[in-house]
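> Before I ask anything, let me first share the structure, which is written out below as structure tokens.
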Amino acid sequence: MTPNTKLGIGAMAGTLAVLWLILMIRGGSERAVDPASAGAQPPPPTVTVAKPVFKSITEWDDYTGRFIAKERVEVRARVSGYLESVHFKEGQMVAAGELLFVLDQRPFKTQVAGAKAEVDRANTQLRVGQLEFERGERLQSSRAMSKESAEERRAKRDAAQADVEAAEAALRNAELDLSFTQVRAPMAGRLSDVRVDAGNLISGGKADSTVLTTIVSLDPIEFEIEASEAEFLRYTRLDTAGTRPSSRDVPNRIEAQLIDETEWVHKGHMTFVDNEIDRDSDSMRGHATFPNPDHLLLPGMFARARLFGAGEHEAVLVPDVAIVADQARKQVMVLGKDNIIEARVVTLGPIIDGLRMVREGLSADENIVINGIIRARPGKPVTPTQATIGADGIIK
């Protein structure tokens with residue numbers, strides 16, 4: 001083989017190597033920019049949707065509050081003196097008029113004795129004045145006494161009569177003070193502890209007199225709630241429309257449950273609505289009365305309550321998991337045309353049988369997202385899976 005032949009074969013091999021490299025680069029480039037793979041999009045996210053529950057309900061409004069005693073009395077003595085004895089067990093139930101405390105009665109018995117003596121003296125003076133008056137009447141009839149002298153004897157008799165009445169009034173007052181040395185329960189209820197031990201000097205008969213103990217009534221008991229100005233206005237509008245009467249005029253139903261209860265076992269009725277909006281809390285105060293024969297409910301006890309809000313009507317209900325908070329607004333994600341998500345602003349009501357009432361913004365024939373709500377973006381498509389919300393709030 002000649003040198004020229006070897007050179008030709010070498011040049012051909014180099015040319016083939018360059019062509020192979022070009023083909024490899026072009027093939028890689030074609031694979032990198034494959035139109036089919038470049039245009040592929042991820043599938044729409046899968047969410048679960050369901051129609052709201054549409055049924056007839058009785059509307060209730062939720063509140064929290066505390067029970068308060070219908071009557072509460074700070075027991076004080078009506079007279080001052082030394083506390084002699086205590087006649088009750090701390091914390092017990094007492095009946096109205098039951099003896100609680102006794103003050104030292106000796107000074108008051110002395111005052112009663114002195115007042116009785118004054119009554120006797122005044123009666124003696126009255127008898128003397130009456131005799132002199134009668135004698136003067138006889139003397140005047142025989143013209144042995146002037147009319148002026150007879151009138152003086154009449155005046156002395158009348159003054160003696162007034163002295164008797166004043167002495168009798170003083171006696172009654174002394175006897176009343178003596179009775180006040182026995183401090184009795186002004187009402188039935190449960191007692192607190194003894195605030196002052198026997199042997200101490202106590203003051204009585206004044207607004208700042210010594211508090212000996214307190215009594216609270218238990219049956220019935222009251223429950224205090226506060227409604228916002230918006231809630232109060234809604235009740236007023238309903239009353240004006242004739243849909244729901246005001247609790248000022250009608251004892252609307254209210255139910256309560258304690259912190260360890262799951263059912264609305266305590267049944268009561270509204271008895272009071274205040275006459276003005278509180279400026280500090282911007283709320284209206286109201287009281288409800290509950291029977292409490294077993295004394296389970298105590299003043300100061302916390303409870304949840306639901307107040308009758310409206311008569312029976314049809315309503316749209318959704319689970320709370322379907323509600324999205326956007327600052328002050330509440331929204332639900334509605335499945336629109338072509339499975340596009342729409343964020344719908346709604347006005348909410350109370351919880352009914354575990355579901356949230358929607359007052360405005362949603363109809364019963366629309367589908368809302370109830371699962372996968374994080375993946376549901378407004379204006380974007382989704383892949384919906386249909387489910388059903390039961391009347392009890394369970395998703396099936």
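Order determines the names: the first chain of the structure tokens is A, the second B, and so forth; residues in each chain are numbered 1 upward, and ligands are numbered 1 upward as they are shown.
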Would you mind writing down, as number ranges by chain, each residue of stretch 70-259 of chain A that DSSP on the backbone assigns to strand (DSSP E or B)?

A: 72-76, 81-86, 93-94, 99-103, 182-184, 189-191, 201-202, 211-216, 221-228, 253-257

> Write out, as a tab-separated table, each residue of stretch 58-121 of chain A that has an atom at most 12 Å from stretch 244-265 of chain A, together with the closest pair of atoms and their distance in Å to one decimal, counting only C-alpha atoms, rows going by chain and rising number.


residue	atom	partner	partner_atom	distance
A:Thr58	CA	A:Arg253	CA	11.5
A:Glu59	CA	A:Arg244	CA	10.7
A:Trp60	CA	A:Ile254	CA	8.6
A:Asp61	CA	A:Ile254	CA	9.3
A:Asp62	CA	A:Ala256	CA	9.6
A:Tyr63	CA	A:Ala256	CA	9.2
A:Thr64	CA	A:Ala256	CA	9.1
A:Gly65	CA	A:Ala256	CA	9.7
A:Arg66	CA	A:Leu258	CA	10.0
A:Phe67	CA	A:Ala256	CA	10.3

> Applying 12 Å and only C-alpha atoms, which residues near A:Arg279 remain after dropping the ones on its own chain fewer than 5 positions away? List them as a list in words.

Ser228, Glu229, Met284 and Arg285 of chain A

> Taking into account only C-alpha atoms, which residue in the set A:Arg72, A:Pro378, A:Ala288, A:Asp274 is nearest to A:Gln331?

A:Pro378

> With a distance cut-off of 12 Å and only C-alpha atoms, select the neighbouring residues of stretch 314-316 of chain A, excluding the residue or stretch itself and same-chain residues fewer than 6 positions from it, and output the selection as an mmCIF file with N, CA and C atoms, in the first residue's frame.


data_model
loop_
_atom_site.group_PDB
_atom_site.id
_atom_site.type_symbol
_atom_site.label_atom_id
_atom_site.label_comp_id
_atom_site.auth_asym_id
_atom_site.auth_seq_id
_atom_site.Cartn_x
_atom_site.Cartn_y
_atom_site.Cartn_z
ATOM 1 N N LYS A 51 -72.723 18.038 47.484
ATOM 2 C CA LYS A 51 -73.755 19.063 47.574
ATOM 3 C C LYS A 51 -74.056 19.356 49.040
ATOM 4 N N PRO A 52 -74.376 20.609 49.385
ATOM 5 C CA PRO A 52 -74.735 20.923 50.776
ATOM 6 C C PRO A 52 -75.993 20.163 51.198
ATOM 7 N N VAL A 53 -76.160 20.054 52.506
ATOM 8 C CA VAL A 53 -77.392 19.476 53.048
ATOM 9 C C VAL A 53 -78.463 20.560 53.045
ATOM 10 N N PHE A 54 -79.638 20.209 52.577
ATOM 11 C CA PHE A 54 -80.758 21.148 52.533
ATOM 12 C C PHE A 54 -81.924 20.492 53.274
ATOM 13 N N LYS A 55 -82.255 21.055 54.451
ATOM 14 C CA LYS A 55 -83.319 20.446 55.241
ATOM 15 C C LYS A 55 -83.988 21.497 56.117
ATOM 16 N N SER A 56 -85.093 21.097 56.717
ATOM 17 C CA SER A 56 -85.840 21.976 57.613
ATOM 18 C C SER A 56 -85.187 21.961 58.992
ATOM 19 N N ILE A 57 -84.933 23.136 59.550
ATOM 20 C CA ILE A 57 -84.246 23.236 60.835
ATOM 21 C C ILE A 57 -84.961 24.230 61.746
ATOM 22 N N THR A 58 -84.683 24.102 63.027
ATOM 23 C CA THR A 58 -85.001 25.141 64.010
ATOM 24 C C THR A 58 -83.686 25.794 64.385
ATOM 25 N N GLU A 59 -83.582 27.075 64.168
ATOM 26 C CA GLU A 59 -82.305 27.764 64.311
ATOM 27 C C GLU A 59 -82.025 28.101 65.768
ATOM 28 N N VAL A 346 -69.511 33.691 51.581
ATOM 29 C CA VAL A 346 -70.775 33.268 52.172
ATOM 30 C C VAL A 346 -70.974 33.955 53.521
ATOM 31 N N THR A 347 -72.247 34.042 53.914
ATOM 32 C CA THR A 347 -72.617 34.528 55.252
ATOM 33 C C THR A 347 -73.064 33.335 56.074
ATOM 34 N N LEU A 348 -72.416 33.139 57.210
ATOM 35 C CA LEU A 348 -72.643 31.931 57.999
ATOM 36 C C LEU A 348 -73.592 32.180 59.159
ATOM 37 N N GLY A 349 -74.201 31.094 59.621
ATOM 38 C CA GLY A 349 -75.065 31.106 60.790
ATOM 39 C C GLY A 349 -74.535 30.150 61.843
ATOM 40 N N PRO A 350 -75.381 29.678 62.732
ATOM 41 C CA PRO A 350 -74.934 28.782 63.801
ATOM 42 C C PRO A 350 -74.731 27.352 63.311
ATOM 43 N N ILE A 351 -74.191 26.519 64.183
ATOM 44 C CA ILE A 351 -74.039 25.096 63.903
ATOM 45 C C ILE A 351 -75.343 24.388 64.230
ATOM 46 N N ILE A 352 -75.850 23.599 63.287
ATOM 47 C CA ILE A 352 -77.079 22.829 63.454
ATOM 48 C C ILE A 352 -76.753 21.371 63.202
ATOM 49 N N LEU A 355 -73.440 20.664 61.535
ATOM 50 C CA LEU A 355 -73.164 21.353 60.273
ATOM 51 C C LEU A 355 -73.377 22.845 60.438
ATOM 52 N N ARG A 356 -72.625 23.627 59.650
ATOM 53 C CA ARG A 356 -72.706 25.074 59.731
ATOM 54 C C ARG A 356 -73.771 25.584 58.754
ATOM 55 N N MET A 357 -74.654 26.421 59.252
ATOM 56 C CA MET A 357 -75.696 27.005 58.407
ATOM 57 C C MET A 357 -75.105 28.120 57.545
ATOM 58 N N VAL A 358 -75.484 28.132 56.262
ATOM 59 C CA VAL A 358 -75.078 29.192 55.343
ATOM 60 C C VAL A 358 -76.308 30.051 55.063
ATOM 61 N N ARG A 359 -76.277 31.287 55.528
ATOM 62 C CA ARG A 359 -77.427 32.179 55.347
ATOM 63 C C ARG A 359 -77.490 32.713 53.916
ATOM 64 N N GLU A 360 -76.337 33.091 53.346
ATOM 65 C CA GLU A 360 -76.315 33.701 52.020
ATOM 66 C C GLU A 360 -75.068 33.251 51.276
ATOM 67 N N GLY A 361 -75.172 33.193 49.929
ATOM 68 C CA GLY A 361 -74.007 32.960 49.087
ATOM 69 C C GLY A 361 -73.903 31.580 48.486
ATOM 70 N N LEU A 362 -74.772 30.629 48.860
ATOM 71 C CA LEU A 362 -74.659 29.258 48.366
ATOM 72 C C LEU A 362 -76.050 28.658 48.222
ATOM 73 N N SER A 363 -76.242 27.946 47.098
ATOM 74 C CA SER A 363 -77.514 27.266 46.878
ATOM 75 C C SER A 363 -77.356 25.766 47.118
ATOM 76 N N ALA A 364 -78.476 25.088 47.262
ATOM 77 C CA ALA A 364 -78.448 23.671 47.634
ATOM 78 C C ALA A 364 -78.009 22.764 46.503
ATOM 79 N N ASP A 365 -78.059 23.231 45.229
ATOM 80 C CA ASP A 365 -77.735 22.360 44.097
ATOM 81 C C ASP A 365 -76.301 22.530 43.610
ATOM 82 N N GLU A 366 -75.466 23.282 44.326
ATOM 83 C CA GLU A 366 -74.072 23.466 43.933
ATOM 84 C C GLU A 366 -73.179 22.485 44.670
ATOM 85 N N ILE A 389 -72.914 14.341 51.822
ATOM 86 C CA ILE A 389 -72.903 14.780 53.222
ATOM 87 C C ILE A 389 -74.219 14.332 53.851
ATOM 88 N N ALA A 391 -77.230 13.957 56.738
ATOM 89 C CA ALA A 391 -77.926 14.954 57.574
ATOM 90 C C ALA A 391 -77.294 15.070 58.944
#

> Please provide the set of residues having any atom within 10 Å of A:Arg172, restricted to only C-alpha atoms, with same-chain residues fewer than 6 positions apart removed, written as a list of chain:residue names.

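Everything that qualifies: A:Val112, A:Ala115, A:Lys116, A:Ala166, A:Leu178.
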
> If you keep N, CA and C atoms, can you produce a file of those selected residues as a PDB file, in the first residue's frame?


ATOM      1  N   VAL A 112     -85.397  47.492 127.029  1.00  0.00           N
ATOM      2  CA  VAL A 112     -86.817  47.146 127.000  1.00  0.00           C
ATOM      3  C   VAL A 112     -87.448  47.384 128.370  1.00  0.00           C
ATOM      4  N   ALA A 115     -87.923  51.054 128.888  1.00  0.00           N
ATOM      5  CA  ALA A 115     -89.017  51.565 128.071  1.00  0.00           C
ATOM      6  C   ALA A 115     -90.373  51.187 128.657  1.00  0.00           C
ATOM      7  N   LYS A 116     -90.472  49.996 129.242  1.00  0.00           N
ATOM      8  CA  LYS A 116     -91.729  49.594 129.887  1.00  0.00           C
ATOM      9  C   LYS A 116     -92.015  50.474 131.098  1.00  0.00           C
ATOM     10  N   ALA A 166     -95.761  58.201 122.926  1.00  0.00           N
ATOM     11  CA  ALA A 166     -94.322  58.234 122.671  1.00  0.00           C
ATOM     12  C   ALA A 166     -93.599  57.144 123.444  1.00  0.00           C
ATOM     13  N   LEU A 178     -84.256  44.392 120.378  1.00  0.00           N
ATOM     14  CA  LEU A 178     -83.989  43.121 121.059  1.00  0.00           C
ATOM     15  C   LEU A 178     -84.190  41.952 120.103  1.00  0.00           C
TER      16      LEU A 178
END
